[in-house]
>>> print(open('target03.tsv').read())   # TSV, C-alpha atoms
chain	number	residue	atom	x	y	z
A	27	MET	CA	144.24	125.54	110.68
A	28	LYS	CA	143.04	123.73	113.78
A	29	PHE	CA	139.66	125.47	113.42
A	30	SER	CA	139.21	124.24	109.85
A	31	LYS	CA	140.00	120.67	110.91
A	32	ILE	CA	137.40	120.88	113.71
A	33	THR	CA	134.91	122.37	111.24
A	34	ALA	CA	135.58	119.53	108.79
A	35	ILE	CA	135.06	116.91	111.52
A	36	MET	CA	131.83	118.58	112.66
A	37	PHE	CA	130.60	118.73	109.05
A	38	ALA	CA	131.37	115.04	108.58
A	39	MET	CA	129.48	114.24	111.80
A	40	MET	CA	126.48	116.20	110.53
A	41	LEU	CA	126.46	114.05	107.40
A	42	MET	CA	126.70	110.79	109.34
A	43	PRO	CA	122.96	110.12	109.80
A	44	GLY	CA	122.39	110.41	106.06
A	45	LEU	CA	125.36	108.21	105.24
A	46	ASP	CA	124.25	105.64	107.78
A	47	ALA	CA	121.06	105.06	105.82
A	48	PHE	CA	123.12	103.78	102.92
A	49	ALA	CA	125.72	101.91	104.88
A	50	GLN	CA	122.99	99.26	105.12
A	51	PHE	CA	123.15	98.52	101.40
A	52	SER	CA	125.72	95.79	101.00
A	53	ASP	CA	126.04	96.77	97.34
A	54	PRO	CA	127.24	100.39	97.55
A	55	SER	CA	126.50	101.06	93.89
A	56	SER	CA	122.81	100.64	94.69
A	57	SER	CA	122.88	103.36	97.36
A	58	PRO	CA	120.45	106.08	96.31
A	59	LEU	CA	120.36	109.76	97.28
A	60	SER	CA	119.08	110.20	100.82
A	61	ALA	CA	115.76	111.83	101.72
A	62	MET	CA	117.92	113.72	104.24
A	63	THR	CA	119.11	115.84	101.30
A	64	VAL	CA	115.67	117.48	101.06
A	65	PRO	CA	115.87	120.86	102.83
A	66	GLN	CA	113.51	121.26	105.76
A	67	ALA	CA	111.80	124.22	104.07
A	68	GLN	CA	110.81	121.88	101.25
A	69	GLN	CA	109.27	119.31	103.59
A	70	LEU	CA	105.52	119.18	104.13
A	71	GLN	CA	103.88	117.68	107.19
A	72	PRO	CA	100.98	115.20	106.67
A	73	GLY	CA	98.45	117.55	108.29
A	74	GLU	CA	99.50	120.40	105.97
A	75	LEU	CA	99.05	118.25	102.89
A	76	ALA	CA	95.70	116.92	104.10
A	77	SER	CA	94.49	120.53	104.48
A	78	SER	CA	95.75	121.61	101.08
A	79	LEU	CA	93.89	118.69	99.45
A	80	LYS	CA	90.61	120.22	100.64
A	81	ALA	CA	91.18	123.29	98.46
A	82	GLU	CA	89.50	123.92	95.10
A	83	ALA	CA	90.74	121.54	92.41
A	84	ALA	CA	92.77	124.22	90.61
A	85	GLU	CA	94.60	125.15	93.81
A	86	ARG	CA	95.43	121.62	94.84
A	87	PRO	CA	99.01	120.46	94.39
A	88	LEU	CA	99.99	117.70	92.03
A	89	VAL	CA	100.69	114.81	94.38
A	90	LEU	CA	102.98	112.04	93.16
A	91	GLN	CA	103.79	108.75	94.85
A	92	VAL	CA	107.42	107.90	94.13
A	93	GLY	CA	107.50	104.51	95.89
A	94	SER	CA	106.45	101.08	94.71
A	95	ARG	CA	103.30	100.24	92.74
A	96	VAL	CA	102.48	97.39	95.15
A	97	MET	CA	102.31	99.86	98.03
A	98	PHE	CA	100.38	102.39	95.94
A	99	ALA	CA	97.80	99.72	95.13
A	100	GLN	CA	97.37	98.94	98.83
A	101	ALA	CA	96.80	102.54	99.87
A	102	HIS	CA	97.52	105.98	98.46
A	103	ILE	CA	96.56	109.59	98.95
A	104	PRO	CA	93.31	110.29	97.04
A	105	GLY	CA	94.07	112.04	93.76
A	106	SER	CA	97.74	111.15	93.86
A	107	VAL	CA	99.44	109.66	90.85
A	108	PHE	CA	101.83	106.72	90.83
A	109	ALA	CA	105.08	108.07	89.41
A	110	GLY	CA	107.46	105.16	89.95
A	111	PRO	CA	110.15	104.47	92.55
A	112	GLY	CA	112.66	107.32	92.61
A	113	SER	CA	115.53	105.00	93.46
A	114	GLN	CA	115.33	103.26	90.10
A	115	PRO	CA	116.11	104.67	86.62
A	116	SER	CA	112.78	103.36	85.31
A	117	GLY	CA	111.02	105.16	88.17
A	118	LEU	CA	112.69	108.46	87.33
A	119	GLN	CA	111.71	108.06	83.67
A	120	SER	CA	108.16	107.41	84.78
A	121	LEU	CA	108.32	110.50	87.01
A	122	GLU	CA	109.41	112.63	84.05
A	123	LYS	CA	106.41	111.38	82.07
A	124	ALA	CA	104.07	112.08	84.99
A	125	VAL	CA	105.08	115.75	85.10
A	126	ALA	CA	105.59	116.31	81.38
A	127	ALA	CA	102.49	118.48	81.02
A	128	THR	CA	102.78	120.21	84.40
A	129	PRO	CA	103.70	123.92	84.54
A	130	LYS	CA	107.12	124.39	86.14
A	131	GLY	CA	105.78	126.70	88.85
A	132	LYS	CA	102.99	124.37	90.01
A	133	LEU	CA	103.24	122.99	93.52
A	134	VAL	CA	104.32	119.36	93.20
A	135	VAL	CA	104.30	117.18	96.31
A	136	ILE	CA	106.13	113.87	96.28
A	137	TYR	CA	105.69	111.14	98.87
A	138	CYS	CA	106.78	107.59	99.51
A	139	GLY	CA	106.55	106.19	103.06
A	140	CYS	CA	108.08	102.84	102.23
A	141	CYS	CA	110.57	103.23	105.08
A	142	PRO	CA	111.44	105.73	107.79
A	143	TRP	CA	112.40	109.17	106.39
A	144	ASN	CA	116.12	108.73	106.98
A	145	ARG	CA	116.03	105.36	105.21
A	146	CYS	CA	113.83	106.26	102.24
A	147	PRO	CA	115.70	105.68	98.97
A	148	ASN	CA	113.02	107.16	96.71
A	149	ILE	CA	112.40	110.72	97.88
A	150	GLY	CA	115.93	112.12	97.42
A	151	PRO	CA	116.42	111.11	93.77
A	152	ALA	CA	112.84	112.11	92.80
A	153	PHE	CA	113.23	115.50	94.49
A	154	LYS	CA	116.53	116.14	92.71
A	155	ARG	CA	115.15	115.05	89.33
A	156	LEU	CA	112.21	117.46	89.60
A	157	HIS	CA	114.60	120.28	90.45
A	158	ASP	CA	116.83	119.32	87.55
A	159	LEU	CA	113.78	119.44	85.29
A	160	GLY	CA	113.20	123.06	86.36
A	161	PHE	CA	110.32	122.68	88.80
A	162	THR	CA	110.50	125.55	91.24
A	163	ASN	CA	107.89	124.58	93.81
A	164	VAL	CA	108.58	121.00	94.85
A	165	LYS	CA	107.86	119.68	98.33
A	166	ALA	CA	108.32	116.26	99.87
A	167	LEU	CA	105.81	114.85	102.33
A	168	TYR	CA	107.69	114.20	105.55
A	169	ILE	CA	106.79	110.67	106.61
A	170	GLU	CA	108.69	109.87	109.76
A	171	LYS	CA	108.06	106.12	110.03
A	172	ASN	CA	106.03	104.83	107.10
A	173	PHE	CA	102.87	105.56	105.14
A	174	GLY	CA	100.82	103.14	107.23
A	175	ASP	CA	101.68	104.71	110.57
A	176	ASP	CA	101.98	108.37	109.58
A	177	TRP	CA	99.13	108.70	107.11
A	178	VAL	CA	96.68	105.77	107.18
A	179	ALA	CA	96.69	105.20	110.95
A	180	GLN	CA	96.32	108.96	111.53
A	181	GLY	CA	92.92	108.83	109.83
A	182	TYR	CA	93.84	110.80	106.70
A	183	ALA	CA	91.89	109.78	103.60
A	184	VAL	CA	93.17	106.95	101.45
A	185	ASP	CA	92.23	105.30	98.20
A	186	LYS	CA	93.05	101.79	97.12
A	187	GLY	CA	93.86	100.20	93.79
A	188	GLU	CA	95.82	101.29	90.75
B	1128	MET	CA	57.75	97.62	99.79
B	1129	HIS	CA	61.07	96.47	101.19
B	1130	ILE	CA	62.85	97.73	98.08
B	1131	LEU	CA	61.31	101.19	98.52
B	1132	ARG	CA	62.84	101.35	101.98
B	1133	LEU	CA	66.29	101.29	100.35
B	1134	PHE	CA	65.64	104.75	98.94
B	1135	ARG	CA	65.03	106.33	102.32
B	1136	PRO	CA	67.73	108.95	103.07
B	1137	THR	CA	68.52	107.46	106.48
B	1138	PHE	CA	69.45	104.16	104.83
B	1139	TRP	CA	72.00	105.86	102.59
B	1140	VAL	CA	73.37	107.96	105.46
B	1141	VAL	CA	74.03	104.74	107.41
B	1142	ILE	CA	75.64	103.08	104.36
B	1143	LEU	CA	77.86	106.09	103.63
B	1144	PHE	CA	78.89	106.32	107.28
B	1145	ALA	CA	79.75	102.61	107.30
B	1146	CYS	CA	81.80	103.02	104.11
B	1147	GLY	CA	83.61	105.94	105.69
B	1148	LEU	CA	84.42	103.81	108.71
B	1149	CYS	CA	85.77	101.09	106.41
B	1150	ALA	CA	88.04	103.53	104.61
B	1151	GLN	CA	89.43	104.96	107.83
B	1152	ALA	CA	89.54	101.76	109.87
B	1153	PRO	CA	92.97	100.82	111.13
B	1154	PRO	CA	94.34	97.57	109.77
B	1155	PRO	CA	93.40	94.52	111.83
B	1156	ASP	CA	95.88	93.27	114.39
B	1157	LEU	CA	96.66	89.74	113.33
B	1158	VAL	CA	98.62	88.71	116.41
B	1159	HIS	CA	97.04	85.67	118.12
B	1160	LYS	CA	95.05	84.94	114.96
B	1161	PRO	CA	95.63	82.28	112.28
B	1162	ALA	CA	98.10	83.43	109.65
B	1163	PRO	CA	96.25	84.15	106.39
B	1164	ALA	CA	96.84	81.30	103.98
B	1165	PHE	CA	98.51	81.93	100.65
B	1166	ALA	CA	100.04	80.00	97.78
B	1167	ARG	CA	102.69	81.48	95.46
B	1168	ARG	CA	105.52	80.30	93.28
B	1169	ASP	CA	108.96	81.16	94.56
B	1170	LEU	CA	111.69	82.63	92.37
B	1171	SER	CA	112.73	79.16	91.23
B	1172	GLY	CA	109.16	78.34	90.19
B	1173	LYS	CA	108.43	76.00	93.09
B	1174	LYS	CA	104.91	76.25	94.53
B	1175	ILE	CA	104.97	77.53	98.09
B	1176	LYS	CA	101.92	77.20	100.29
B	1177	LEU	CA	102.08	78.60	103.79
B	1178	ARG	CA	100.04	75.59	104.90
B	1179	MET	CA	102.82	73.19	103.94
B	1180	TYR	CA	104.93	74.55	106.80
B	1181	ARG	CA	102.36	73.61	109.46
B	1182	GLY	CA	104.28	71.98	112.31
B	1183	LYS	CA	107.19	74.37	111.80
B	1184	VAL	CA	107.80	77.84	113.19
B	1185	VAL	CA	107.62	80.26	110.28
B	1186	LEU	CA	109.22	83.67	110.12
B	1187	LEU	CA	107.31	85.43	107.35
B	1188	ASN	CA	109.22	88.50	106.25
B	1189	PHE	CA	107.92	91.23	103.92
B	1190	TRP	CA	110.80	93.11	102.34
B	1191	ALA	CA	111.97	94.91	99.22
B	1192	THR	CA	115.27	95.43	97.45
B	1193	TRP	CA	115.10	99.21	98.00
B	1194	CYS	CA	114.47	98.88	101.75
B	1195	ALA	CA	117.70	99.54	103.66
B	1196	PRO	CA	116.74	97.90	106.99
B	1197	CYS	CA	115.61	94.81	105.03
B	1198	GLN	CA	119.14	94.42	103.69
B	1199	VAL	CA	120.38	94.16	107.28
B	1200	GLU	CA	117.82	91.55	108.28
B	1201	LEU	CA	118.05	89.16	105.34
B	1202	PRO	CA	121.60	87.87	105.99
B	1203	ARG	CA	120.66	87.30	109.63
B	1204	PHE	CA	117.58	85.34	108.53
B	1205	GLU	CA	119.79	83.20	106.30
B	1206	THR	CA	122.02	82.43	109.31
B	1207	TRP	CA	118.98	81.51	111.40
B	1208	GLN	CA	117.66	79.26	108.65
B	1209	LYS	CA	120.97	77.39	108.53
B	1210	GLU	CA	121.34	77.15	112.31
B	1211	LEU	CA	117.76	76.55	113.38
B	1212	GLY	CA	116.22	74.89	110.34
B	1213	ALA	CA	116.76	71.45	111.86
B	1214	GLN	CA	114.82	72.56	114.95
B	1215	GLY	CA	111.84	73.41	112.79
B	1216	LEU	CA	112.39	77.00	111.70
B	1217	GLN	CA	111.32	78.03	108.23
B	1218	ILE	CA	111.98	81.49	106.86
B	1219	VAL	CA	109.68	82.62	104.04
B	1220	ALA	CA	110.35	85.99	102.43
B	1221	VAL	CA	107.79	87.98	100.46
B	1222	SER	CA	109.24	90.66	98.24
B	1223	MET	CA	107.03	93.72	97.78
B	1224	ASP	CA	109.07	94.87	94.79
B	1225	ASP	CA	107.14	95.63	91.62
B	1226	ASP	CA	109.47	93.50	89.52
B	1227	ALA	CA	111.28	90.22	90.20
B	1228	THR	CA	114.51	91.16	88.38
B	1229	PRO	CA	116.18	93.12	91.22
B	1230	VAL	CA	114.85	90.55	93.69
B	1231	ARG	CA	116.66	87.71	91.90
B	1232	SER	CA	119.82	89.77	91.92
B	1233	THR	CA	119.59	90.49	95.66
B	1234	VAL	CA	118.81	86.86	96.46
B	1235	ARG	CA	121.92	85.81	94.53
B	1236	ARG	CA	124.10	88.52	96.09
B	1237	LEU	CA	123.04	87.65	99.65
B	1238	HIS	CA	123.07	83.88	98.97
B	1239	LEU	CA	119.57	83.41	100.34
B	1240	ASP	CA	118.49	79.78	100.39
B	1241	PHE	CA	115.04	80.12	101.90
B	1242	PRO	CA	111.93	80.54	99.69
B	1243	VAL	CA	111.36	84.03	98.31
B	1244	VAL	CA	108.01	84.78	96.68
B	1245	MET	CA	106.69	87.93	95.06
B	1246	GLY	CA	103.98	89.74	96.99
B	1247	ASP	CA	101.26	92.08	95.81
B	1248	ALA	CA	98.65	94.44	97.19
B	1249	ARG	CA	96.21	91.61	97.87
B	1250	LEU	CA	98.67	89.68	100.01
B	1251	GLY	CA	99.65	92.92	101.74
B	1252	ASP	CA	95.99	93.61	102.53
B	1253	GLU	CA	95.48	90.10	103.87
B	1254	TYR	CA	98.35	90.71	106.27
B	1255	GLY	CA	96.81	93.91	107.60
B	1256	GLY	CA	98.35	96.29	105.05
B	1257	VAL	CA	102.08	96.22	104.48
B	1258	LEU	CA	102.54	99.98	104.22
B	1259	GLY	CA	106.10	100.26	105.42
B	1260	LEU	CA	108.95	97.81	105.36
B	1261	PRO	CA	110.18	95.57	106.74
B	1262	VAL	CA	107.34	93.72	108.41
B	1263	THR	CA	107.88	90.27	109.89
B	1264	TYR	CA	105.37	87.85	111.33
B	1265	LEU	CA	106.31	85.00	113.64
B	1266	ILE	CA	103.95	82.07	113.12
B	1267	ASP	CA	103.87	79.15	115.54
B	1268	ARG	CA	103.72	75.45	114.71
B	1269	ASP	CA	99.90	75.58	114.72
B	1270	GLY	CA	99.82	78.32	112.10
B	1271	LYS	CA	98.94	81.09	114.55
B	1272	ILE	CA	100.67	84.48	114.46
B	1273	VAL	CA	102.45	85.02	117.77
B	1274	ALA	CA	104.36	88.23	117.08
B	1275	LYS	CA	104.69	91.06	114.58
B	1276	PHE	CA	107.84	93.13	114.05
B	1277	LYS	CA	107.62	96.42	112.18
B	1278	GLY	CA	110.38	98.59	110.82
B	1279	GLU	CA	113.92	98.37	112.06
B	1280	SER	CA	113.53	95.63	114.59
B	1281	ASP	CA	115.74	94.49	117.41
B	1282	LEU	CA	116.93	91.27	115.81
B	1283	ASP	CA	118.13	89.88	119.14
B	1284	ALA	CA	114.62	90.31	120.56
B	1285	MET	CA	113.18	88.69	117.42
B	1286	GLU	CA	115.57	85.76	117.86
B	1287	ARG	CA	114.49	85.32	121.48
B	1288	GLU	CA	110.79	85.26	120.47
B	1289	MET	CA	111.59	82.79	117.71
B	1290	GLU	CA	113.44	80.47	120.06
B	1291	LEU	CA	110.54	80.58	122.50
B	1292	ALA	CA	108.23	79.52	119.68
B	1293	LEU	CA	110.64	76.77	118.62
B	1294	HIS	CA	110.82	75.33	122.12
B	1295	LYS	CA	107.08	75.45	122.69
B	1296	ARG	CA	105.62	72.06	121.83
>>> encode(input="target03.tsv", output="structure tokens")
Amino acid sequence: MKFSKITAIMFAMMLMPGLDAFAQFSDPSSSPLSAMTVPQAQQLQPGELASSLKAEAAERPLVLQVGSRVMFAQAHIPGSVFAGPGSQPSGLQSLEKAVAATPKGKLVVIYCGCCPWNRCPNIGPAFKRLHDLGFTNVKALYIEKNFGDDWVAQGYAVDKGE
Amino acid sequence: MHILRLFRPTFWVVILFACGLCAQAPPPDLVHKPAPAFARRDLSGKKIKLRMYRGKVVLLNFWATWCAPCQVELPRFETWQKELGAQGLQIVAVSMDDDATPVRSTVRRLHLDFPVVMGDARLGDEYGGVLGLPVTYLIDRDGKIVAKFKGESDLDAMEREMELALHKR
């Protein structure tokens, strides 16, 4: 009995960092699903993605930006598609349209970089929606701080505009 | 003859290399430089020009409704505006949301009284690329950027910098 209580407390403590991200939203109903819900095995490091983008076109993943259009227009990964912010219903609808013609087994990489990973409101919902749609090979680009610091400033290629 | 020189391979190699440098170049550091001028309408339709705040200390904050750390900062900025406005502080917030509807809702919910304008990629570029939020610039009374705060900032440290700028005449 005591053991199960300790286990429950430890489990709650493990969830704390993820919950903390949303404690910042003063309107709790607007709290989206945390990027912390993406399993580590489904996370892709920037260097890994940059390498995979050098492959032949057919072998390249479908790369989707699930953040804001304003940020996409400033800088985005070459070849990536703006799919709408995952934290908003309109963004998830846009995401569904963006993958409508994509085979379910294709590698799909989502990224945002609007905020630090543990604060990103867009990755978690977009990741879940793709899984719910039946995509079996979805990865999320792990951006620790933001797209500017972890991709652009690292010298990885970027495109600008819509 | 000069035109023919343009077709020399070395010319194009230099041009392509320069373009490559442009694409990879880190964003310019704007600290100690004049704040890029801009003019926008705020959410109430009033024209806001950065220039009109010359003589005041401006805290220019880039934020978005979906940015969790931004939601922590905004109420503090509102407090500062109320407490330090008479000393010459002016908060100006630039939302990097794609749509003004959620911005209006957040402004109402947080009772923000300072000007809030909608940003875009061009304004982001002019401020060195706003590719992660929040980003806040502290601009002195002469219109020069004196500090930049990125990400989850230490608001106490930001307040100290702001007070220094307010007391500098």
>>> residues_around(input="target03.tsv", residues="Pro147 in chain A", least_positions_apart="2", cutoff="9 Å", atoms="all atoms listed in the file", output="list in words")
Ala47, Phe48, Ser57, Pro58, Leu59, Ser60, Ala61, Gly93, Pro111, Gly112, Ser113, Cys140, Cys141, Trp143, Asn144, Arg145, Ile149, Gly150 and Pro151 of chain A; Trp1193, Cys1194 and Ala1195 of chain B
>>> residues_around(input="target03.tsv", residues="Leu75 in chain A", least_positions_apart="5", cutoff="10 Å", atoms="all atoms listed in the file", output="list in words")
Leu70, Lys80, Arg86, Pro87, Val89, Ile103, Val135, Ala166, Leu167, Tyr168 and Tyr182 of chain A
>>> atom_distance(input="target03.tsv", atom1="CA of Gln114 in chain A", atom2="CA of Lys154 in chain A")
13.2 Å
>>> closest_atom_pairs(input="target03.tsv", of="chain A", to="chain B", cutoff="7 Å", atoms="all atoms listed in the file", output="JSON lines")
{"residue": "A:Ala47", "atom": "CA", "partner": "B:Ala1195", "partner_atom": "CA", "distance": 6.8}
{"residue": "A:Phe48", "atom": "CA", "partner": "B:Ala1195", "partner_atom": "CA", "distance": 6.9}
{"residue": "A:Gln50", "atom": "CA", "partner": "B:Ala1195", "partner_atom": "CA", "distance": 5.5}
{"residue": "A:Phe51", "atom": "CA", "partner": "B:Ala1195", "partner_atom": "CA", "distance": 6.0}
{"residue": "A:Ser94", "atom": "CA", "partner": "B:Asp1225", "partner_atom": "CA", "distance": 6.3}
{"residue": "A:Arg95", "atom": "CA", "partner": "B:Asp1225", "partner_atom": "CA", "distance": 6.1}
{"residue": "A:Val96", "atom": "CA", "partner": "B:Ala1248", "partner_atom": "CA", "distance": 5.2}
{"residue": "A:Met97", "atom": "CA", "partner": "B:Leu1258", "partner_atom": "CA", "distance": 6.2}
{"residue": "A:Ala99", "atom": "CA", "partner": "B:Ala1248", "partner_atom": "CA", "distance": 5.7}
{"residue": "A:Gln100", "atom": "CA", "partner": "B:Ala1248", "partner_atom": "CA", "distance": 5.0}
{"residue": "A:Gly139", "atom": "CA", "partner": "B:Gly1259", "partner_atom": "CA", "distance": 6.4}
{"residue": "A:Cys140", "atom": "CA", "partner": "B:Gly1259", "partner_atom": "CA", "distance": 4.6}
{"residue": "A:Cys141", "atom": "CA", "partner": "B:Gly1259", "partner_atom": "CA", "distance": 5.4}
{"residue": "A:Arg145", "atom": "CA", "partner": "B:Ala1195", "partner_atom": "CA", "distance": 6.3}
{"residue": "A:Pro147", "atom": "CA", "partner": "B:Trp1193", "partner_atom": "CA", "distance": 6.6}
{"residue": "A:Asn172", "atom": "CA", "partner": "B:Gly1259", "partner_atom": "CA", "distance": 4.9}
{"residue": "A:Phe173", "atom": "CA", "partner": "B:Leu1258", "partner_atom": "CA", "distance": 5.7}
{"residue": "A:Gly174", "atom": "CA", "partner": "B:Leu1258", "partner_atom": "CA", "distance": 4.7}
{"residue": "A:Ala179", "atom": "CA", "partner": "B:Pro1153", "partner_atom": "CA", "distance": 5.7}
{"residue": "A:Gly181", "atom": "CA", "partner": "B:Gln1151", "partner_atom": "CA", "distance": 5.6}
{"residue": "A:Ala183", "atom": "CA", "partner": "B:Gln1151", "partner_atom": "CA", "distance": 6.9}
{"residue": "A:Val184", "atom": "CA", "partner": "B:Ala1150", "partner_atom": "CA", "distance": 6.9}
>>> atom_distance(input="target03.tsv", atom1="CA of Tyr1180 in chain B", atom2="CA of Gln1208 in chain B")
13.7 Å
>>> residues_around(input="target03.tsv", residues="Val1273 in chain B", least_positions_apart="5", cutoff="7 Å", atoms="all atoms listed in the file", output="number ranges by chain")
B: 1158-1159, 1265-1267
>>> atom_distance(input="target03.tsv", atom1="CA of Lys1174 in chain B", atom2="CA of Val1262 in chain B")
22.4 Å
>>> closest_residue(input="target03.tsv", among="B:Pro1161, B:Gln1214, B:Leu1187, B:Gly1172", to="Glu1290 in chain B", atoms="only C-alpha atoms")
B:Gln1214
>>> closest_residue(input="target03.tsv", among="B:Gly1255, B:Gly1270, B:Gly1212, B:Pro1229", to="Leu1177 in chain B", atoms="all atoms listed in the file")
B:Gly1270
>>> closest_residue(input="target03.tsv", among="B:Ala1164, B:Ala1292, B:Leu1170, B:Ala1284", to="Gln1217 in chain B", atoms="only C-alpha atoms")
B:Ala1292
>>> residues_around(input="target03.tsv", residues="Val1219 in chain B", least_positions_apart="4", cutoff="10 Å", atoms="all atoms listed in the file", output="ChimeraX atom specification")
/B:1169,1175,1177,1180,1185-1189,1204,1208,1240-1244,1263-1264
>>> axis_aligned_box(input="target03.tsv", around="range 60-75 of chain A", padding_each_side="8 Å", output="AutoDock Vina command-line options")
--center_x 108.8 --center_y 117.2 --center_z 104.6 --size_x 36.7 --size_y 30.0 --size_z 23.5
